[in-house]
file data05.txt (compact mmCIF, C-alpha atoms)
# COMPACT_ATOMS: atom_id res chain seq x y z
CA MET V 1 0.00 0.00 0.00
CA ARG V 2 1.13 3.56 -0.60
CA LYS V 3 -0.31 6.92 0.41
CA THR V 4 -0.99 9.65 -2.13
CA SER V 5 -2.87 12.92 -2.19
CA CYS V 6 -5.49 13.17 -4.91
CA TRP V 7 -7.34 16.50 -4.95
CA LEU V 8 -10.33 16.29 -7.26
CA ALA V 9 -12.81 18.97 -8.31
CA CYS V 10 -15.43 18.69 -11.03
CA CYS V 11 -14.36 21.87 -12.78
CA PHE V 12 -10.91 20.38 -13.47
CA CYS V 13 -11.93 16.85 -14.42
CA PHE V 14 -11.66 17.40 -18.15
CA GLY V 15 -7.94 17.94 -17.74
CA LEU V 16 -7.57 14.29 -16.79
CA PHE V 17 -8.34 13.20 -20.34
CA SER V 18 -5.92 13.43 -23.22
CA GLY V 19 -8.19 13.78 -26.23
CA PRO V 20 -11.50 15.29 -27.42
CA ALA V 21 -13.19 11.90 -27.72
CA LEU V 22 -12.44 10.96 -24.13
CA ALA V 23 -13.46 14.39 -22.88
CA SER V 24 -16.73 14.19 -24.81
CA ASN V 25 -17.49 10.72 -23.44
CA PHE V 26 -16.77 11.85 -19.88
CA SER V 27 -18.95 14.93 -20.39
CA LYS V 28 -21.85 12.70 -21.41
CA HIS V 29 -21.57 10.59 -18.26
CA LEU V 30 -21.11 13.62 -16.02
CA SER V 31 -24.25 15.10 -17.55
CA LYS V 32 -26.16 11.94 -16.62
CA LEU V 33 -24.95 12.19 -13.04
CA ILE V 34 -26.10 15.81 -12.85
CA GLN V 35 -29.51 14.83 -14.27
CA VAL V 36 -29.92 12.12 -11.62
CA VAL V 37 -29.12 14.62 -8.88
CA GLN V 38 -31.60 17.11 -10.33
CA VAL V 39 -34.37 14.49 -10.49
CA LEU V 40 -33.76 13.37 -6.92
CA VAL V 41 -33.63 16.90 -5.54
CA THR V 42 -36.73 18.14 -7.39
CA GLN V 43 -38.93 15.01 -7.51
CA SER V 44 -38.17 12.84 -4.48
CA LEU V 45 -40.89 12.74 -1.84
CA GLN V 46 -38.20 12.52 0.80
CA GLN V 47 -36.08 15.63 0.32
CA PRO V 48 -32.51 14.34 -0.05
CA ASP V 49 -29.41 15.80 1.50
CA LEU V 50 -26.99 16.80 -1.25
CA ASP V 51 -23.92 15.78 0.74
CA SER V 52 -25.41 12.34 1.31
CA LEU V 53 -26.15 11.99 -2.40
CA MET V 54 -22.56 12.81 -3.30
CA GLN V 55 -21.19 10.41 -0.70
CA GLY V 56 -23.46 7.70 -2.09
CA ALA V 57 -22.39 8.43 -5.65
CA ALA V 58 -18.71 8.25 -4.71
CA ARG V 59 -19.24 5.02 -2.77
CA GLY V 60 -21.20 3.52 -5.66
CA MET V 61 -18.57 4.41 -8.26
CA VAL V 62 -15.83 2.70 -6.30
CA ALA V 63 -18.09 -0.30 -5.66
CA ALA V 64 -18.77 -0.55 -9.41
CA LEU V 65 -15.11 -1.52 -9.89
CA ASP V 66 -16.04 -4.86 -8.28
CA ASP V 67 -12.62 -4.89 -6.62
CA PRO V 68 -12.55 -6.46 -3.13
CA TYR V 69 -9.50 -4.39 -2.18
CA SER V 70 -10.85 -0.96 -3.20
CA SER V 71 -13.23 1.07 -1.05
CA TYR V 72 -14.51 4.61 -0.50
CA LEU V 73 -13.58 5.93 2.95
CA SER V 74 -15.40 8.40 5.15
CA ALA V 75 -13.26 11.15 6.66
CA ASP V 76 -12.93 9.24 9.93
CA ASN V 77 -12.02 6.01 8.20
CA TYR V 78 -9.51 7.76 5.95
CA VAL V 79 -7.76 9.17 9.02
CA ALA V 80 -7.86 5.75 10.71
CA LEU V 81 -6.32 4.01 7.70
CA SER V 82 -3.65 6.70 7.46
CA LYS V 83 -2.73 6.04 11.09
CA GLU V 84 -2.38 2.34 10.33
CA GLN V 85 0.90 3.12 8.57
CA SER V 86 2.27 4.31 11.91
CA GLY V 87 1.24 1.05 13.55
CA GLU V 88 -2.02 2.15 15.20
CA VAL V 89 -5.52 1.14 14.14
CA VAL V 90 -8.96 0.40 15.63
CA GLY V 91 -10.21 -3.06 14.76
CA ILE V 92 -10.29 -6.70 15.76
CA GLY V 93 -6.99 -7.73 14.15
CA VAL V 94 -7.90 -9.47 10.90
CA GLU V 95 -7.11 -8.93 7.23
CA LEU V 96 -10.00 -9.99 5.00
CA ALA V 97 -10.42 -10.95 1.36
CA TYR V 98 -13.74 -10.81 -0.49
CA ARG V 99 -13.99 -13.31 -3.33
CA GLU V 100 -17.13 -14.41 -5.20
CA GLN V 101 -19.50 -13.28 -2.42
CA ARG V 102 -17.37 -15.06 0.20
CA LEU V 103 -15.54 -13.23 2.97
CA GLU V 104 -12.38 -15.08 3.92
CA VAL V 105 -9.95 -14.40 6.74
CA MET V 106 -6.62 -13.78 5.09
CA SER V 107 -4.60 -13.50 8.28
CA VAL V 108 -5.02 -12.93 12.01
CA LEU V 109 -2.58 -10.80 13.97
CA GLU V 110 -1.26 -12.15 17.25
CA ASP V 111 -2.60 -10.97 20.59
CA THR V 112 -5.71 -9.34 19.10
CA PRO V 113 -9.44 -9.80 19.75
CA ALA V 114 -9.74 -11.88 16.57
CA GLU V 115 -7.10 -14.35 17.74
CA ARG V 116 -8.67 -14.56 21.18
CA ALA V 117 -12.06 -15.26 19.56
CA GLY V 118 -10.57 -18.24 17.73
CA LEU V 119 -10.47 -16.81 14.22
CA GLN V 120 -7.71 -18.13 11.99
CA SER V 121 -6.45 -17.91 8.43
CA GLY V 122 -8.86 -19.59 5.99
CA ALA V 123 -11.93 -19.09 8.16
CA GLU V 124 -15.06 -17.87 6.37
CA ILE V 125 -17.15 -15.03 7.81
CA LEU V 126 -20.80 -15.97 7.28
CA SER V 127 -22.57 -12.95 8.75
CA ILE V 128 -21.79 -9.59 10.31
CA GLU V 129 -24.19 -8.12 12.86
CA GLY V 130 -26.76 -10.69 11.77
CA GLN V 131 -26.53 -9.80 8.08
CA ALA V 132 -25.52 -12.62 5.73
CA VAL V 133 -22.33 -11.85 3.83
CA GLU V 134 -23.69 -13.40 0.62
CA ARG V 135 -26.33 -10.64 0.51
CA LEU V 136 -23.88 -7.81 1.12
CA SER V 137 -21.68 -5.81 -1.21
CA TRP V 138 -18.05 -5.09 -0.35
CA PRO V 139 -18.83 -1.44 0.60
CA GLU V 140 -21.65 -2.66 2.88
CA ILE V 141 -19.25 -5.11 4.53
CA ASN V 142 -16.74 -2.32 5.10
CA GLN V 143 -19.44 -0.16 6.63
CA LEU V 144 -20.47 -2.89 9.07
CA LEU V 145 -16.89 -3.59 10.11
CA GLN V 146 -16.15 0.01 11.01
CA GLY V 147 -16.62 1.20 14.56
CA GLU V 148 -15.03 2.70 17.63
CA ALA V 149 -12.78 1.06 20.19
CA GLY V 150 -14.85 -0.76 22.80
CA GLN V 151 -17.75 -1.50 20.46
CA PRO V 152 -18.19 -5.25 19.86
CA ILE V 153 -19.00 -6.66 16.46
CA GLY V 154 -21.20 -9.73 16.07
CA LEU V 155 -19.69 -12.34 13.76
CA SER V 156 -20.78 -15.75 12.59
CA PHE V 157 -17.98 -17.81 11.03
CA ARG V 158 -16.74 -21.30 10.34
CA LEU V 159 -13.10 -22.29 10.57
CA SER V 160 -13.15 -24.71 7.62
CA PRO V 161 -15.60 -25.94 4.96
CA GLY V 162 -18.22 -28.16 6.55
CA SER V 163 -17.36 -27.23 10.14
CA ALA V 164 -20.05 -26.00 12.51
CA PRO V 165 -20.66 -22.22 12.46
CA GLN V 166 -19.59 -20.25 15.52
CA GLN V 167 -21.06 -17.00 16.77
CA LYS V 168 -18.96 -14.51 18.71
CA GLN V 169 -19.14 -10.94 19.92
CA VAL V 170 -15.65 -9.65 19.13
CA PRO V 171 -14.63 -6.34 20.72
CA ARG V 172 -12.91 -3.67 18.67
CA GLU V 173 -9.71 -2.35 20.23
CA LEU V 174 -7.13 0.32 19.58
CA LEU V 175 -4.43 -1.96 18.24
CA LYS V 176 -0.85 -0.81 18.55
CA LEU V 177 0.67 -3.19 16.07
CA GLN V 178 4.02 -4.60 17.13
CA ALA V 179 5.72 -4.89 13.79
CA LEU V 180 8.36 -7.37 14.86
CA SER V 181 9.68 -9.54 17.66
CA PHE V 182 13.08 -11.15 18.08
CA SER V 183 14.36 -14.13 20.03
CA LEU V 184 17.70 -15.86 20.52
CA LEU V 185 17.59 -19.63 20.03
CA SER V 186 20.27 -22.20 20.72
CA ASP V 187 23.49 -22.78 18.79
CA GLY V 188 23.85 -19.25 17.40
CA ILE V 189 20.46 -19.19 15.67
CA CYS V 190 17.97 -16.33 15.95
CA GLN V 191 14.33 -15.89 15.03
CA LEU V 192 12.89 -12.66 13.64
CA LYS V 193 9.10 -12.50 13.37
CA ILE V 194 7.64 -9.72 11.24
CA GLN V 195 3.94 -9.34 12.05
CA THR V 196 3.02 -6.61 9.57
CA PHE V 197 4.50 -4.21 7.04
CA PHE V 198 2.04 -1.45 8.02
CA ASN V 199 4.86 0.52 9.59
CA GLU V 200 6.91 3.22 7.92
CA ARG V 201 9.85 2.54 10.23
CA LEU V 202 9.92 -1.23 9.92
CA HIS V 203 13.18 -1.40 7.95
CA GLU V 204 14.85 0.80 10.57
CA GLN V 205 13.67 -1.50 13.36
CA VAL V 206 14.87 -4.58 11.45
CA ALA V 207 18.31 -3.02 10.93
CA GLU V 208 18.62 -2.00 14.59
CA THR V 209 17.59 -5.47 15.77
CA LEU V 210 19.88 -7.41 13.43
CA LEU V 211 22.91 -5.20 14.03
CA ALA V 212 22.49 -5.40 17.80
CA ASN V 213 22.47 -9.20 17.66
CA ALA V 214 24.95 -9.88 14.86
CA ASP V 215 27.32 -11.91 17.07
CA SER V 216 24.50 -14.14 18.29
CA CYS V 217 23.08 -15.13 14.89
CA GLU V 218 26.09 -16.46 13.02
CA SER V 219 24.68 -19.98 12.52
CA GLY V 220 21.31 -19.02 11.09
CA LEU V 221 18.21 -16.83 11.03
CA ILE V 222 14.60 -17.98 11.02
CA LEU V 223 12.39 -15.31 9.42
CA ASP V 224 8.80 -15.88 10.50
CA LEU V 225 6.22 -14.35 8.12
CA ARG V 226 3.26 -16.48 9.17
CA ASN V 227 -0.06 -14.59 9.29
CA ASN V 228 1.61 -11.42 8.03
CA PRO V 229 -1.04 -9.61 5.93
CA GLY V 230 1.46 -7.33 4.18
CA GLY V 231 1.41 -3.55 4.09
CA LEU V 232 3.89 -1.10 2.60
CA VAL V 233 5.71 -2.49 -0.43
CA ALA V 234 8.67 -0.13 0.09
CA GLU V 235 9.30 -1.66 3.51
CA ALA V 236 9.35 -5.20 2.09
CA VAL V 237 11.81 -4.09 -0.60
CA GLN V 238 14.19 -2.56 1.93
CA VAL V 239 14.05 -5.56 4.27
CA ALA V 240 14.78 -7.86 1.31
CA GLY V 241 17.99 -5.91 0.73
CA GLN V 242 18.93 -6.04 4.41
CA LEU V 243 18.54 -9.83 4.35
CA GLY V 244 20.73 -10.26 1.28
CA THR V 245 18.64 -9.99 -1.89
CA GLN V 246 20.48 -7.82 -4.40
CA GLY V 247 19.06 -5.98 -7.41
CA THR V 248 15.41 -6.50 -8.37
CA VAL V 249 13.06 -7.42 -5.54
CA VAL V 250 9.67 -7.12 -7.26
CA GLN V 251 8.18 -6.12 -10.62
CA VAL V 252 5.33 -3.61 -10.37
CA VAL V 253 2.79 -3.31 -13.18
CA SER V 254 0.89 0.00 -13.40
CA ASN V 255 -2.72 0.47 -14.52
CA THR V 256 -1.38 1.33 -18.00
CA GLY V 257 0.66 -1.87 -18.20
CA LYS V 258 4.01 -0.16 -17.58
CA LEU V 259 6.47 -2.49 -15.89
CA ASP V 260 8.87 -1.15 -13.26
CA LEU V 261 11.63 -3.23 -11.72
CA ILE V 262 11.86 -2.21 -8.07
CA GLU V 263 15.40 -2.67 -6.82
CA THR V 264 16.90 -2.53 -3.36
CA THR V 265 19.82 -0.30 -2.48
CA ASP V 266 20.16 -1.61 1.09
CA LEU V 267 23.35 -3.47 1.93
CA PRO V 268 23.00 -6.94 3.47
CA ILE V 269 23.39 -7.00 7.25
CA TYR V 270 23.92 -10.77 7.48
CA PRO V 271 25.55 -11.54 4.10
CA GLN V 272 26.67 -15.08 4.99
CA THR V 273 24.10 -16.18 7.56
CA PRO V 274 21.83 -19.03 6.35
CA ILE V 275 18.16 -18.02 6.35
CA VAL V 276 14.95 -20.02 6.37
CA VAL V 277 11.55 -18.34 5.94
CA LEU V 278 8.35 -19.62 7.55
CA VAL V 279 5.11 -18.94 5.63
CA ASN V 280 1.52 -20.14 5.81
CA SER V 281 -1.84 -19.46 4.17
CA GLY V 282 -2.01 -16.16 6.08
CA THR V 283 1.19 -14.81 4.51
CA ALA V 284 0.05 -12.21 1.98
CA SER V 285 0.88 -9.18 -0.16
CA ALA V 286 4.11 -7.42 0.89
CA ALA V 287 5.05 -10.45 3.01
CA GLU V 288 4.82 -12.58 -0.14
CA ILE V 289 7.01 -10.07 -1.99
CA LEU V 290 9.72 -10.53 0.64
CA ALA V 291 9.41 -14.32 0.77
CA ALA V 292 9.49 -14.65 -3.02
CA ALA V 293 12.50 -12.34 -3.35
CA LEU V 294 14.52 -14.30 -0.80
CA GLN V 295 13.47 -17.60 -2.36
CA GLU V 296 14.05 -16.65 -6.01
CA SER V 297 17.39 -14.98 -5.32
CA GLY V 298 18.62 -18.14 -3.61
CA ARG V 299 19.18 -16.24 -0.40
CA ALA V 300 16.80 -18.40 1.66
CA ILE V 301 14.70 -21.51 1.59
CA VAL V 302 10.98 -21.21 2.29
CA LEU V 303 9.21 -23.63 4.61
CA GLY V 304 5.57 -24.14 5.48
CA GLU V 305 2.31 -23.88 3.54
CA ASN V 306 1.27 -22.26 0.29
CA THR V 307 0.84 -18.50 0.83
CA PHE V 308 -2.39 -16.57 0.31
CA GLY V 309 -1.77 -15.12 -3.16
CA LYS V 310 -2.47 -11.37 -3.12
CA ALA V 311 -0.49 -9.57 -5.81
CA ARG V 312 -2.28 -6.22 -5.78
CA VAL V 313 -1.09 -2.85 -4.50
CA GLN V 314 -3.47 -0.31 -2.94
CA SER V 315 -2.91 3.45 -2.88
CA LEU V 316 -4.49 5.60 -0.18
CA LEU V 317 -5.88 8.65 -1.99
CA GLY V 318 -7.13 11.68 -0.11
CA LEU V 319 -9.98 13.81 -1.48
CA ALA V 320 -10.52 17.51 -0.94
CA ASP V 321 -13.32 17.10 1.63
CA GLY V 322 -11.27 14.87 3.93
CA THR V 323 -12.69 11.58 2.65
CA GLY V 324 -10.58 9.19 0.61
CA ILE V 325 -10.30 6.11 -1.52
CA SER V 326 -8.28 2.98 -0.91
CA LEU V 327 -7.75 2.02 -4.53
CA THR V 328 -6.01 -0.86 -6.27
CA THR V 329 -3.61 0.95 -8.59
CA ASN V 330 -0.94 -1.64 -9.36
CA SER V 331 -0.34 -5.33 -9.56
CA TYR V 332 2.98 -7.03 -9.08
CA LEU V 333 5.05 -9.95 -10.27
CA THR V 334 7.75 -11.62 -8.24
CA ARG V 335 11.45 -10.95 -8.76
CA LEU V 336 11.52 -13.52 -11.59
CA GLY V 337 8.24 -12.40 -13.14
CA LYS V 338 5.78 -14.91 -11.65
CA ASN V 339 2.16 -13.89 -11.16
CA ILE V 340 1.14 -15.29 -7.77
CA HIS V 341 -2.28 -13.61 -7.52
CA GLY V 342 -4.83 -16.19 -6.45
CA VAL V 343 -2.08 -18.83 -6.49
CA GLY V 344 0.43 -17.95 -3.80
CA ILE V 345 4.04 -18.97 -3.30
CA ALA V 346 4.86 -22.66 -3.06
CA PRO V 347 7.36 -23.35 -0.26
CA ASP V 348 10.53 -25.31 -0.96
CA PHE V 349 9.50 -27.75 1.76
CA TYR V 350 5.88 -28.25 2.83
CA PHE V 351 4.67 -28.57 6.40
CA SER V 352 1.47 -30.51 6.91
CA PRO V 353 -1.52 -28.33 7.86
CA GLU V 354 -1.88 -30.60 10.90
CA THR V 355 1.58 -29.58 12.17
CA PRO V 356 1.07 -27.69 15.47
CA ALA V 357 2.18 -24.06 15.24
CA GLU V 358 4.56 -24.45 18.17
CA GLN V 359 6.53 -27.14 16.29
CA TRP V 360 7.31 -24.98 13.27
CA THR V 361 10.39 -23.41 14.83
CA GLU V 362 11.74 -26.84 15.82
CA LEU V 363 11.29 -28.07 12.23
CA ALA V 364 12.98 -24.95 10.86
CA LEU V 365 15.99 -25.61 13.11
CA ASP V 366 16.46 -28.94 11.32
CA TYR V 367 17.27 -27.05 8.12
CA LEU V 368 19.85 -24.83 9.85
CA LEU V 369 21.65 -27.06 12.35
CA PRO V 370 24.46 -29.22 10.98
CA LEU V 371 23.84 -32.97 10.93

call {"tool": "encode", "arguments": {"input": "data05.txt", "output": "structure tokens"}}
result
Amino acid sequence: MRKTSCWLACCFCFGLFSGPALASNFSKHLSKLIQVVQVLVTQSLQQPDLDSLMQGAARGMVAALDDPYSSYLSADNYVALSKEQSGEVVGIGVELAYREQRLEVMSVLEDTPAERAGLQSGAEILSIEGQAVERLSWPEINQLLQGEAGQPIGLSFRLSPGSAPQQKQVPRELLKLQALSFSLLSDGICQLKIQTFFNERLHEQVAETLLANADSCESGLILDLRNNPGGLVAEAVQVAGQLGTQGTVVQVVSNTGKLDLIETTDLPIYPQTPIVVLVNSGTASAAEILAAALQESGRAIVLGENTFGKARVQSLLGLADGTGISLTTNSYLTRLGKNIHGVGIAPDFYFSPETPAEQWTELALDYLLPL
């Protein structure tokens, strides 16, 4: 995700188009919108509020994209999403994906209300506040999910296909996202867990942590990206360089089809240290960028489950009235040009889904410790 300012006003819209034909076509559609507003204002039995009409029009236009990752944001929600980049957000601690009228849990952050309620990656949300997801649009889902800290949200969900539905009241909290944690293991091996890339200082924290423990991690590093929902692509690129990937980290494709090779300029902090990466079905987006870069550059081996498969980049666009749009503006390919959207990254060595989470570190040690 990236943040941009996008100041829009109707009187300047024609400047967005490069030719008379496009300008004429846009003028026709803008005229229709004005006619609809005129009809509603002059003919509706219930006198409409013009601000509400415009908010509805904006919300409807974004919804018409039929993109589960794009949404129109009220002023409050725009501010809240902006704060998320500094590691603070109100919510229950889940990242969701909306596919074919199904709402799936992409990942669950540790020590959050969602985790305490038993939600996990791959779970399906069936209803929100008593309203069936299959009857809701993505904007309606977003609206129901929003709320203030302390307000519970009623969810019905099932953990796997065919399992019995569960109903929980899950409280919203002000979540101060801990981007990473670090632990020293035996035999000169360390473990670095990155929980989220929604932090503009993540690469600085990674550098500080690795440099401070360089003498203790000579035999190996376990990079844990399980249930990491992603975040800022730039942070993933910089961390990839710090962990030893050189040159291209990811290929970004713009909405016009232009391909940009995004390279790292960061010098490796542990150039010789063996690295293994842990991933699961909750590893998504920027976390997949990092895992793929380390895997495809030969810098690390990847262990675990197939990742989620989200290869889309959202931009946070602010509008003149304080509202905003979270809009999918780019897609990406891995370092070697693979499209993982909807497919995910295949690990070098699979762990069975039945493998208890607490055993993953022990299994990873087997790939680092000498025989």

call {"tool": "atom_distance", "arguments": {"input": "data05.txt", "atom1": "atom CA of Leu126 of chain V", "atom2": "atom CA of Pro165 of chain V"}}
result
8.1 Å

call {"tool": "residues_around", "arguments": {"input": "data05.txt", "residues": "Ala57 of chain V", "least_positions_apart": "5", "cutoff": "9 Å", "atoms": "all atoms listed in the file", "output": "list in words"}}
result
Leu33, Ser52 and Val62 of chain V

call {"tool": "closest_residue", "arguments": {"input": "data05.txt", "among": "V:Ser326, V:Ser285, V:Thr334, V:Ser127", "to": "Ala311 of chain V", "atoms": "only C-alpha atoms"}}
result
V:Ser285

call {"tool": "residues_around", "arguments": {"input": "data05.txt", "residues": "Phe182 of chain V", "least_positions_apart": "6", "cutoff": "10 Å", "atoms": "all atoms listed in the file", "output": "ChimeraX atom specification"}}
result
/V:190-194,206,209-210,213,222-224

call {"tool": "closest_atom_pairs", "arguments": {"input": "data05.txt", "of": "segment 251-370 of chain V", "to": "segment 88-109 of chain V", "cutoff": "8 Å", "atoms": "only C-alpha atoms", "output": "tab-separated table"}}
result
residue	atom	partner	partner_atom	distance
V:Ser281	CA	V:Met106	CA	7.5
V:Gly282	CA	V:Ser107	CA	4.3
V:Thr283	CA	V:Ser107	CA	7.0
V:Ala284	CA	V:Met106	CA	7.5
V:Phe308	CA	V:Met106	CA	7.0

call {"tool": "closest_residue", "arguments": {"input": "data05.txt", "among": "V:Ala212, V:Val276, V:Leu73, V:Leu316", "to": "Leu368 of chain V", "atoms": "only C-alpha atoms"}}
result
V:Val276

call {"tool": "closest_residue", "arguments": {"input": "data05.txt", "among": "V:Phe198, V:Phe157, V:Trp138, V:Tyr270", "to": "Leu211 of chain V", "atoms": "all atoms listed in the file"}}
result
V:Tyr270

call {"tool": "closest_residue", "arguments": {"input": "data05.txt", "among": "V:Leu232, V:Ala123, V:Ala114, V:Leu290", "to": "Ser315 of chain V", "atoms": "all atoms listed in the file"}}
result
V:Leu232

call {"tool": "closest_residue", "arguments": {"input": "data05.txt", "among": "V:Gly324, V:Gly337, V:Pro271, V:Gly247", "to": "Ser70 of chain V", "atoms": "all atoms listed in the file"}}
result
V:Gly324

call {"tool": "axis_aligned_box", "arguments": {"input": "data05.txt", "around": "segment 168-182 of chain V", "padding_each_side": "4 Å", "output": "AutoDock Vina command-line options"}}
result
--center_x -3.0 --center_y -7.1 --center_z 17.3 --size_x 40.2 --size_y 22.8 --size_z 14.9

call {"tool": "atom_distance", "arguments": {"input": "data05.txt", "atom1": "atom CA of Asn199 of chain V", "atom2": "atom CA of Trp360 of chain V"}}
result
25.9 Å

call {"tool": "closest_residue", "arguments": {"input": "data05.txt", "among": "V:Gln166, V:Ser181, V:Val237, V:Val302", "to": "Pro274 of chain V", "atoms": "all atoms listed in the file"}}
result
V:Val302

call {"tool": "residues_around", "arguments": {"input": "data05.txt", "residues": "Ile34 of chain V", "least_positions_apart": "6", "cutoff": "12 Å", "atoms": "all atoms listed in the file", "output": "ChimeraX atom specification"}}
result
/V:10,27-28,40-41,50,53-54,57

call {"tool": "atom_distance", "arguments": {"input": "data05.txt", "atom1": "atom CA of Leu327 of chain V", "atom2": "atom CA of Tyr72 of chain V"}}
result
8.3 Å
